[in-house]
file upload_12.cif (mmCIF, C-alpha atoms)
data_final
#
loop_
_atom_site.label_atom_id
_atom_site.label_comp_id
_atom_site.auth_asym_id
_atom_site.auth_seq_id
_atom_site.Cartn_x
_atom_site.Cartn_y
_atom_site.Cartn_z
CA MET A 514 107.68 196.77 104.97
CA PRO A 515 107.45 199.61 102.41
CA ILE A 516 109.49 198.37 99.47
CA ASN A 517 108.90 200.30 96.28
CA PRO A 518 109.38 198.03 93.24
CA SER A 519 111.09 199.70 90.31
CA ASN A 520 111.96 198.68 86.79
CA ASP A 521 114.10 201.76 86.27
CA PRO A 522 117.47 200.45 85.05
CA LYS A 523 119.31 203.28 86.81
CA ILE A 524 117.79 202.31 90.15
CA LYS A 525 118.22 198.58 89.61
CA ALA A 526 121.90 199.18 88.80
CA MET A 527 122.64 200.96 92.09
CA LYS A 528 125.10 198.97 94.16
CA GLY A 529 125.58 198.97 97.91
CA VAL A 530 123.52 201.22 100.17
CA ASN A 531 122.46 204.53 98.66
CA LEU A 532 120.81 206.89 101.12
CA PHE A 533 118.47 209.60 99.86
CA HIS A 534 118.48 212.13 102.68
CA TYR A 535 118.45 215.75 103.82
CA SER A 536 120.85 217.20 106.38
CA GLN A 537 118.34 218.45 108.97
CA SER A 538 115.65 215.79 108.60
CA ASN A 539 115.27 213.96 111.91
CA CYS A 540 114.03 210.92 109.99
CA ALA A 541 117.18 210.90 107.84
CA MET A 542 119.38 211.43 110.91
CA ARG A 543 118.31 208.11 112.41
CA ILE A 544 119.33 206.23 109.26
CA ARG A 545 122.74 207.93 109.07
CA ILE A 546 123.30 207.07 112.75
CA ALA A 547 122.31 203.42 112.21
CA LEU A 548 124.60 203.10 109.19
CA GLU A 549 127.49 204.48 111.22
CA GLU A 550 126.74 202.31 114.27
CA LYS A 551 126.77 199.23 112.08
CA GLY A 552 129.78 200.33 110.05
CA ILE A 553 127.87 200.00 106.77
CA PRO A 554 129.46 201.86 103.84
CA TRP A 555 126.92 204.12 102.15
CA THR A 556 126.64 206.53 99.27
CA SER A 557 125.00 209.91 99.82
CA GLN A 558 122.19 210.85 97.44
CA TYR A 559 121.39 214.30 98.78
CA ILE A 560 117.83 215.58 98.41
CA ASN A 561 117.72 219.30 99.10
CA LEU A 562 114.34 220.00 100.70
CA ASP A 563 115.07 223.74 100.65
CA THR A 564 114.87 223.70 96.86
CA GLN A 565 112.11 221.04 96.90
CA ASP A 566 114.19 218.38 95.15
CA ASN A 567 111.87 215.88 96.81
CA LEU A 568 108.93 217.00 94.67
CA THR A 569 110.36 215.92 91.34
CA ASP A 570 108.78 213.08 89.37
CA GLU A 571 112.11 211.23 89.58
CA TYR A 572 112.15 211.30 93.36
CA PHE A 573 108.50 210.25 93.68
CA GLU A 574 109.53 207.10 91.80
CA ILE A 575 111.80 206.33 94.75
CA HIS A 576 109.60 207.52 97.62
CA PRO A 577 105.89 207.53 96.74
CA HIS A 578 105.23 210.29 99.31
CA GLY A 579 108.18 212.44 98.26
CA LEU A 580 109.75 212.22 101.72
CA VAL A 581 113.22 211.52 103.05
CA PRO A 582 114.80 209.19 103.83
CA ALA A 583 114.74 206.32 101.39
CA ILE A 584 117.44 203.83 100.54
CA VAL A 585 118.29 201.85 97.45
CA HIS A 586 120.17 198.72 98.44
CA GLU A 587 121.42 196.66 95.51
CA GLY A 588 118.61 198.03 93.37
CA VAL A 589 115.89 197.54 96.05
CA ILE A 590 114.05 200.63 97.31
CA VAL A 591 113.03 200.83 100.97
CA TYR A 592 111.35 203.89 102.49
CA GLU A 593 109.96 205.07 105.85
CA SER A 594 112.68 205.46 108.47
CA SER A 595 111.41 202.89 110.96
CA ASP A 596 111.19 200.27 108.22
CA ILE A 597 114.63 201.17 106.88
CA LEU A 598 116.00 200.57 110.39
CA ARG A 599 114.35 197.14 110.45
CA TYR A 600 115.60 196.36 106.95
CA LEU A 601 119.19 197.29 107.82
CA GLU A 602 119.00 195.14 110.95
CA GLU A 603 117.82 192.20 108.84
CA LYS A 604 120.44 192.60 106.12
CA PHE A 605 123.31 193.65 108.40
CA PRO A 606 122.59 191.91 111.73
CA GLU A 607 125.97 192.64 113.36
CA PRO A 608 126.37 194.44 115.64
CA SER A 609 122.84 193.74 116.78
CA LEU A 610 120.63 196.67 117.76
CA ILE A 611 117.80 194.41 118.95
CA PRO A 612 117.36 193.66 122.69
CA ALA A 613 117.48 190.06 123.87
CA LYS A 614 114.24 189.92 125.90
CA ASP A 615 110.86 189.54 124.20
CA SER A 616 109.32 192.26 126.37
CA GLU A 617 112.10 194.67 125.45
CA ARG A 618 111.76 193.86 121.75
CA GLU A 619 108.03 194.56 121.96
CA GLU A 620 108.62 197.93 123.57
CA MET A 621 111.34 198.75 121.04
CA GLU A 622 108.82 198.08 118.27
CA GLU A 623 106.36 200.41 119.99
CA TRP A 624 108.91 203.23 120.02
CA LEU A 625 109.68 202.59 116.34
CA GLU A 626 106.00 202.74 115.43
CA MET A 627 105.61 206.01 117.35
CA THR A 628 108.20 207.64 115.10
CA ARG A 629 105.80 207.02 112.22
CA ASP A 630 102.50 207.65 114.00
CA LEU A 631 103.52 210.87 115.76
CA HIS A 632 105.82 212.42 113.17
CA VAL A 633 103.26 214.72 111.53
CA LYS A 634 100.72 215.29 114.30
CA VAL A 635 103.27 215.90 117.08
CA ILE A 636 106.86 216.49 115.91
CA LYS A 637 106.09 218.48 112.75
CA VAL A 638 103.23 220.41 114.36
CA TRP A 639 105.46 221.46 117.28
CA VAL A 640 108.54 222.36 115.20
CA TYR A 641 106.72 224.09 112.34
CA GLY A 642 104.47 225.82 114.86
CA LYS A 643 107.37 227.16 116.90
CA GLU A 644 109.24 228.33 113.80
CA ARG A 645 106.12 229.39 111.89
CA TYR A 646 107.82 227.54 109.06
CA ARG A 647 106.30 226.79 105.67
CA SER A 648 108.02 224.25 103.44
CA LYS A 649 105.52 224.72 100.62
CA THR A 650 104.29 227.78 98.77
CA LYS A 651 100.75 228.48 97.63
CA GLU A 652 102.05 228.14 94.09
CA SER A 653 103.64 224.73 94.69
CA MET A 654 100.74 223.20 96.63
CA GLY A 655 98.76 222.36 93.51
CA ALA A 656 101.52 220.21 92.07
CA TYR A 657 102.19 218.73 95.51
CA ILE A 658 98.56 217.66 95.93
CA GLU A 659 98.61 215.98 92.53
CA LYS A 660 101.63 213.85 93.48
CA GLN A 661 101.02 213.27 97.20
CA PRO A 662 98.77 210.30 98.13
CA ASN A 663 99.07 210.95 101.89
CA GLN A 664 96.12 213.12 102.94
CA GLU A 665 97.60 213.77 106.39
CA LEU A 666 100.61 215.46 104.79
CA ILE A 667 98.43 217.44 102.38
CA ASP A 668 96.28 218.70 105.26
CA PHE A 669 99.35 219.56 107.33
CA HIS A 670 101.00 221.65 104.61
CA LYS A 671 97.71 223.38 103.80
CA MET A 672 97.46 224.31 107.47
CA THR A 673 100.94 225.87 107.52
CA LEU A 674 99.96 228.09 104.58
CA GLU A 675 96.83 229.46 106.21
CA ASP A 676 96.88 233.06 107.45
CA GLY A 677 96.83 231.96 111.09
CA HIS A 678 99.44 229.27 110.46
CA ILE A 679 99.21 226.25 112.81
CA PRO A 680 96.56 226.96 115.47
CA GLN A 681 97.94 227.42 118.97
CA ASP A 682 95.73 224.68 120.39
CA LYS A 683 97.36 222.14 118.06
CA ILE A 684 100.83 223.35 119.09
CA ASP A 685 99.82 223.10 122.76
CA GLU A 686 98.52 219.56 122.27
CA ALA A 687 101.76 218.56 120.51
CA ASP A 688 103.70 220.09 123.41
CA ARG A 689 101.66 218.05 125.90
CA ARG A 690 102.28 214.84 123.97
CA LEU A 691 106.01 215.53 123.78
CA HIS A 692 106.22 216.03 127.53
CA GLU A 693 104.37 212.73 128.03
CA LEU A 694 106.85 210.95 125.76
CA PHE A 695 109.94 212.38 127.42
CA ALA A 696 108.47 211.72 130.87
CA ARG A 697 108.13 208.09 129.77
CA ILE A 698 111.73 208.07 128.53
CA GLU A 699 112.77 209.56 131.88
CA THR A 700 110.95 206.77 133.74
CA ASN A 701 112.45 204.06 131.50
CA LEU A 702 115.95 205.42 132.05
CA GLY A 703 115.43 204.87 135.76
CA LYS A 704 115.15 201.15 134.96
CA HIS A 705 117.66 200.73 132.11
CA LYS A 706 120.77 202.42 130.79
CA TRP A 707 119.01 202.97 127.45
CA ILE A 708 115.34 203.50 126.57
CA VAL A 709 114.20 199.86 126.60
CA SER A 710 117.28 197.92 127.65
CA ASP A 711 120.72 198.07 129.22
CA THR A 712 122.13 197.99 125.70
CA MET A 713 121.50 200.56 122.98
CA THR A 714 118.77 199.52 120.53
CA LEU A 715 116.91 200.83 117.52
CA ALA A 716 114.60 202.65 119.95
CA ASP A 717 117.45 204.95 121.00
CA ILE A 718 118.55 205.50 117.42
CA ALA A 719 114.97 206.28 116.42
CA TRP A 720 114.41 208.86 119.17
CA ILE A 721 117.70 210.72 119.61
CA PRO A 722 117.13 212.73 116.39
CA ASN A 723 113.87 214.02 117.85
CA TYR A 724 115.97 215.50 120.67
CA THR A 725 118.18 217.17 118.05
CA LEU A 726 115.27 218.79 116.26
CA LEU A 727 113.41 219.78 119.42
CA ASN A 728 116.51 221.13 121.15
CA TYR A 729 117.16 223.37 118.15
CA ASN A 730 113.79 224.93 118.97
CA ASN A 731 114.45 225.18 122.75
CA PHE A 732 112.35 222.32 124.08
CA PRO A 733 112.84 222.33 127.91
CA PHE A 734 114.87 219.14 128.34
CA ASP A 735 116.20 220.38 131.68
CA GLN A 736 113.02 218.93 133.23
CA TYR A 737 114.32 215.43 132.44
CA PRO A 738 117.75 214.85 134.06
CA ARG A 739 118.01 211.14 133.17
CA ALA A 740 117.12 211.97 129.59
CA LEU A 741 119.83 214.64 129.58
CA ASP A 742 122.36 212.00 130.68
CA TRP A 743 121.12 209.68 127.90
CA ILE A 744 121.40 212.55 125.40
CA GLU A 745 124.95 213.36 126.50
CA ARG A 746 126.03 209.73 126.19
CA PHE A 747 124.51 209.36 122.77
CA THR A 748 125.64 212.67 121.31
CA SER A 749 129.23 211.88 122.31
CA ARG A 750 129.22 208.71 120.17
CA PRO A 751 131.11 208.77 116.84
CA SER A 752 127.91 207.71 115.06
CA TYR A 753 126.18 210.91 116.18
CA GLU A 754 129.12 213.05 115.11
CA LYS A 755 129.21 211.41 111.66
CA GLY A 756 125.48 210.95 111.26
CA VAL A 757 124.18 214.24 112.65
CA THR A 758 126.74 216.88 113.63
CA GLN A 759 128.76 216.74 110.42
CA TRP A 760 125.59 217.07 108.33
CA PHE A 761 123.55 219.54 110.32
CA ASP A 762 124.87 222.68 108.60
CA TYR A 763 125.63 220.96 105.30
CA VAL A 764 125.34 223.21 102.25
CA PRO A 765 125.13 221.42 98.90
CA ALA A 766 127.83 222.39 96.43
#
call {"tool": "encode", "arguments": {"input": "upload_12.cif", "output": "structure tokens"}}
result
Amino acid sequence: MPINPSNDPKIKAMKGVNLFHYSQSNCAMRIRIALEEKGIPWTSQYINLDTQDNLTDEYFEIHPHGLVPAIVHEGVIVYESSDILRYLEEKFPEPSLIPAKDSEREEMEEWLEMTRDLHVKVIKVWVYGKERYRSKTKESMGAYIEKQPNQELIDFHKMTLEDGHIPQDKIDEADRRLHELFARIETNLGKHKWIVSDTMTLADIAWIPNYTLLNYNNFPFDQYPRALDWIERFTSRPSYEKGVTQWFDYVPA
């Protein structure tokens, strides 16, 4: 589990759960939802990606890749959204978001791992490709490369700055993978009320923010009626309202 040790007295003195997050980050959304589902009090430490607050030396001391989210819980840093979800489940086990059956737990873990494995090559490629969005500038890339140890992220942001932006074949491949994933969700929802079980689990919390981000860019969810029912049930929950809707258009003071 990615735990970033720190001797910084300011970090070690932080009490409770402090969430370093950005309003429209799908990775941060899943942590806000989980905190609300579990009723865990938390303190917002807002990292404005629009002004590249995540690229400061201070923030790289918290998240070694300069990404959101990260949490500091009683002075302990945990980063990577899937691992934060596991950490919160371990430290705050009630109400449980883990299915009872071994087979369901194994599949839940698979969905959690996919949030990490597919985030850059599928989710970011599709969203940035559709929006032709660049989160870095040619001027800022030099400093970013110096700080960033993750070559996949460096290569991705270099690609978005190229004259042709993200190549269409990469966007098409990401689109194909997304349809495979939501077809699998559609099939699973024919067997269970939720993605891996008849009770909501971390798999649902991990994947509903991907709907939010993709829907904002007009992904054709109407092809997946069971998934649309799942989406409607989840987005009507108070945790989604507090963890996503209330933050989506947040403007820092």
call {"tool": "residues_around", "arguments": {"input": "upload_12.cif", "residues": "range 557-569 of chain A", "least_positions_apart": "3", "cutoff": "9 Å", "atoms": "only C-alpha atoms", "output": "list of chain:residue names"}}
result
A:Val530, A:Asn531, A:Leu532, A:Phe533, A:His534, A:Tyr535, A:Ser536, A:Tyr572, A:Phe573, A:Glu574, A:His576, A:His578, A:Gly579, A:Leu580, A:Val581, A:Pro582, A:Ser648, A:Lys649, A:Ala656, A:Tyr657, A:Lys660, A:Pro765
call {"tool": "residues_around", "arguments": {"input": "upload_12.cif", "residues": "Ile684 in chain A", "least_positions_apart": "3", "cutoff": "12 Å", "atoms": "only C-alpha atoms", "output": "list in words"}}
result
Val633, Lys634, Val635, Ile636, Lys637, Val638, Trp639, Val640, Tyr641, Gly642, Lys643, Glu644, Arg645, Thr673, His678, Ile679, Pro680, Gln681, Ala687, Asp688, Arg689, Arg690 and Leu691 of chain A
call {"tool": "write_last_selection", "arguments": {"input": "upload_12.cif", "atoms": "C-alpha atoms", "output": "PDB file, in the coordinates of the input"}}
result
ATOM      1  CA  VAL A 633     103.260 214.720 111.530  1.00  0.00           C
ATOM      2  CA  LYS A 634     100.720 215.290 114.300  1.00  0.00           C
ATOM      3  CA  VAL A 635     103.270 215.900 117.080  1.00  0.00           C
ATOM      4  CA  ILE A 636     106.860 216.490 115.910  1.00  0.00           C
ATOM      5  CA  LYS A 637     106.090 218.480 112.750  1.00  0.00           C
ATOM      6  CA  VAL A 638     103.230 220.410 114.360  1.00  0.00           C
ATOM      7  CA  TRP A 639     105.460 221.460 117.280  1.00  0.00           C
ATOM      8  CA  VAL A 640     108.540 222.360 115.200  1.00  0.00           C
ATOM      9  CA  TYR A 641     106.720 224.090 112.340  1.00  0.00           C
ATOM     10  CA  GLY A 642     104.470 225.820 114.860  1.00  0.00           C
ATOM     11  CA  LYS A 643     107.370 227.160 116.900  1.00  0.00           C
ATOM     12  CA  GLU A 644     109.240 228.330 113.800  1.00  0.00           C
ATOM     13  CA  ARG A 645     106.120 229.390 111.890  1.00  0.00           C
ATOM     14  CA  THR A 673     100.940 225.870 107.520  1.00  0.00           C
ATOM     15  CA  HIS A 678      99.440 229.270 110.460  1.00  0.00           C
ATOM     16  CA  ILE A 679      99.210 226.250 112.810  1.00  0.00           C
ATOM     17  CA  PRO A 680      96.560 226.960 115.470  1.00  0.00           C
ATOM     18  CA  GLN A 681      97.940 227.420 118.970  1.00  0.00           C
ATOM     19  CA  ALA A 687     101.760 218.560 120.510  1.00  0.00           C
ATOM     20  CA  ASP A 688     103.700 220.090 123.410  1.00  0.00           C
ATOM     21  CA  ARG A 689     101.660 218.050 125.900  1.00  0.00           C
ATOM     22  CA  ARG A 690     102.280 214.840 123.970  1.00  0.00           C
ATOM     23  CA  LEU A 691     106.010 215.530 123.780  1.00  0.00           C
TER      24      LEU A 691
END
call {"tool": "closest_residue", "arguments": {"input": "upload_12.cif", "among": "A:Asp762, A:Glu571, A:Glu623, A:Glu652", "to": "Trp720 in chain A", "atoms": "only C-alpha atoms"}}
result
A:Glu623
call {"tool": "atom_distance", "arguments": {"input": "upload_12.cif", "atom1": "CA of Pro733 in chain A", "atom2": "CA of Asp630 in chain A"}}
result
22.7 Å
call {"tool": "residues_around", "arguments": {"input": "upload_12.cif", "residues": "Met527 in chain A", "least_positions_apart": "4", "cutoff": "9 Å", "atoms": "all atoms listed in the file", "output": "short mmCIF file (atom, residue, chain, number, x, y, z; two decimals) with C-alpha atoms, in the coordinates of the input"}}
result
data_model
loop_
_atom_site.label_atom_id
_atom_site.label_comp_id
_atom_site.auth_asym_id
_atom_site.auth_seq_id
_atom_site.Cartn_x
_atom_site.Cartn_y
_atom_site.Cartn_z
CA PRO A 522 117.47 200.45 85.05
CA LYS A 523 119.31 203.28 86.81
CA ASN A 531 122.46 204.53 98.66
CA VAL A 585 118.29 201.85 97.45
CA HIS A 586 120.17 198.72 98.44
CA GLU A 587 121.42 196.66 95.51
CA GLY A 588 118.61 198.03 93.37
CA VAL A 589 115.89 197.54 96.05
#
call {"tool": "resolve_selection", "arguments": {"input": "upload_12.cif", "expression": "the PyMOL selection byres ((chain A and resi 692-702) around 10)", "output": "PyMOL selection string"}}
result
chain A and resi 624+627+686-691+703-711+717+720+724+732-734+736-743
call {"tool": "atom_distance", "arguments": {"input": "upload_12.cif", "atom1": "CA of Glu550 in chain A", "atom2": "CA of Asn723 in chain A"}}
result
17.8 Å
call {"tool": "atom_distance", "arguments": {"input": "upload_12.cif", "atom1": "CA of Ile667 in chain A", "atom2": "CA of Arg647 in chain A"}}
result
12.7 Å
call {"tool": "closest_residue", "arguments": {"input": "upload_12.cif", "among": "A:Glu675, A:Ser609, A:Leu666, A:Glu622", "to": "Thr650 in chain A", "atoms": "all atoms listed in the file"}}
result
A:Glu675
call {"tool": "resolve_selection", "arguments": {"input": "upload_12.cif", "expression": "the PyMOL selection byres ((chain A and resi 758) around 12)", "output": "list in words"}}
result
Ser536, Gln537, Asn539, Met542, Arg545, Ile546, Pro722, Thr725, Leu726, Thr748, Ser749, Arg750, Pro751, Ser752, Tyr753, Glu754, Lys755, Gly756, Val757, Gln759, Trp760, Phe761, Asp762 and Tyr763 of chain A
call {"tool": "closest_residue", "arguments": {"input": "upload_12.cif", "among": "A:Asp676, A:Leu727, A:Ile721, A:Leu631", "to": "Ile744 in chain A", "atoms": "only C-alpha atoms"}}
result
A:Ile721
call {"tool": "residues_near_point", "arguments": {"input": "upload_12.cif", "point": "(112.2, 201.4, 118.3)", "cutoff": "6 Å", "atoms": "all atoms listed in the file", "output": "tab-separated table (two decimals) with C-alpha atoms, keeping the file's coordinate frame"}}
result
chain	number	residue	atom	x	y	z
A	621	MET	CA	111.34	198.75	121.04
A	622	GLU	CA	108.82	198.08	118.27
A	624	TRP	CA	108.91	203.23	120.02
A	625	LEU	CA	109.68	202.59	116.34
A	715	LEU	CA	116.91	200.83	117.52
A	716	ALA	CA	114.60	202.65	119.95
A	719	ALA	CA	114.97	206.28	116.42
call {"tool": "closest_residue", "arguments": {"input": "upload_12.cif", "among": "A:Pro608, A:Asp615, A:Thr712, A:Lys651", "to": "Gly552 in chain A", "atoms": "only C-alpha atoms"}}
result
A:Pro608
call {"tool": "closest_residue", "arguments": {"input": "upload_12.cif", "among": "A:Lys671, A:Asn730, A:Val764, A:Met713", "to": "Ile658 in chain A", "atoms": "only C-alpha atoms"}}
result
A:Lys671
call {"tool": "build_atoms", "arguments": {"input": "upload_12.cif", "residues": "range 622-638 of chain A", "atoms": "N, CA, C and O atoms", "output": "JSON list (two decimals), in the coordinates of the input"}}
result
[["chain", "number", "residue", "atom", "x", "y", "z"],
["A", 622, "GLU", "N", 109.70, 197.96, 119.43],
["A", 622, "GLU", "CA", 108.82, 198.08, 118.27],
["A", 622, "GLU", "C", 107.79, 199.19, 118.48],
["A", 622, "GLU", "O", 107.44, 199.92, 117.53],
["A", 623, "GLU", "N", 107.31, 199.33, 119.71],
["A", 623, "GLU", "CA", 106.36, 200.41, 119.99],
["A", 623, "GLU", "C", 106.99, 201.77, 119.76],
["A", 623, "GLU", "O", 106.36, 202.66, 119.16],
["A", 624, "TRP", "N", 108.23, 201.95, 120.22],
["A", 624, "TRP", "CA", 108.91, 203.23, 120.02],
["A", 624, "TRP", "C", 109.16, 203.49, 118.53],
["A", 624, "TRP", "O", 109.06, 204.63, 118.06],
["A", 625, "LEU", "N", 109.48, 202.43, 117.78],
["A", 625, "LEU", "CA", 109.68, 202.59, 116.34],
["A", 625, "LEU", "C", 108.37, 203.02, 115.66],
["A", 625, "LEU", "O", 108.38, 203.91, 114.81],
["A", 626, "GLU", "N", 107.28, 202.39, 116.04],
["A", 626, "GLU", "CA", 106.00, 202.74, 115.43],
["A", 626, "GLU", "C", 105.60, 204.18, 115.77],
["A", 626, "GLU", "O", 104.98, 204.87, 114.96],
["A", 627, "MET", "N", 105.96, 204.64, 116.97],
["A", 627, "MET", "CA", 105.61, 206.01, 117.35],
["A", 627, "MET", "C", 106.33, 207.03, 116.49],
["A", 627, "MET", "O", 105.82, 208.14, 116.28],
["A", 628, "THR", "N", 107.52, 206.69, 115.98],
["A", 628, "THR", "CA", 108.20, 207.64, 115.10],
["A", 628, "THR", "C", 107.37, 207.90, 113.85],
["A", 628, "THR", "O", 107.38, 209.00, 113.31],
["A", 629, "ARG", "N", 106.66, 206.88, 113.40],
["A", 629, "ARG", "CA", 105.80, 207.02, 112.22],
["A", 629, "ARG", "C", 104.47, 207.70, 112.59],
["A", 629, "ARG", "O", 104.05, 208.66, 111.96],
["A", 630, "ASP", "N", 103.84, 207.20, 113.65],
["A", 630, "ASP", "CA", 102.50, 207.65, 114.00],
["A", 630, "ASP", "C", 102.46, 209.10, 114.48],
["A", 630, "ASP", "O", 101.47, 209.81, 114.26],
["A", 631, "LEU", "N", 103.53, 209.55, 115.14],
["A", 631, "LEU", "CA", 103.52, 210.87, 115.76],
["A", 631, "LEU", "C", 104.31, 211.91, 114.98],
["A", 631, "LEU", "O", 104.35, 213.08, 115.38],
["A", 632, "HIS", "N", 104.91, 211.50, 113.87],
["A", 632, "HIS", "CA", 105.82, 212.42, 113.17],
["A", 632, "HIS", "C", 105.10, 213.69, 112.71],
["A", 632, "HIS", "O", 105.58, 214.80, 112.95],
["A", 633, "VAL", "N", 103.97, 213.54, 112.05],
["A", 633, "VAL", "CA", 103.26, 214.72, 111.53],
["A", 633, "VAL", "C", 102.48, 215.41, 112.64],
["A", 633, "VAL", "O", 102.63, 216.61, 112.86],
["A", 634, "LYS", "N", 101.65, 214.66, 113.36],
["A", 634, "LYS", "CA", 100.72, 215.29, 114.30],
["A", 634, "LYS", "C", 101.38, 215.84, 115.55],
["A", 634, "LYS", "O", 100.78, 216.68, 116.24],
["A", 635, "VAL", "N", 102.60, 215.40, 115.87],
["A", 635, "VAL", "CA", 103.27, 215.90, 117.08],
["A", 635, "VAL", "C", 104.58, 216.61, 116.73],
["A", 635, "VAL", "O", 104.72, 217.81, 116.99],
["A", 636, "ILE", "N", 105.54, 215.89, 116.16],
["A", 636, "ILE", "CA", 106.86, 216.49, 115.91],
["A", 636, "ILE", "C", 106.76, 217.66, 114.94],
["A", 636, "ILE", "O", 107.22, 218.77, 115.21],
["A", 637, "LYS", "N", 106.16, 217.42, 113.76],
["A", 637, "LYS", "CA", 106.09, 218.48, 112.75],
["A", 637, "LYS", "C", 105.21, 219.63, 113.22],
["A", 637, "LYS", "O", 105.55, 220.80, 112.98],
["A", 638, "VAL", "N", 104.10, 219.34, 113.87],
["A", 638, "VAL", "CA", 103.23, 220.41, 114.36],
["A", 638, "VAL", "C", 103.99, 221.29, 115.34],
["A", 638, "VAL", "O", 103.94, 222.53, 115.27]]
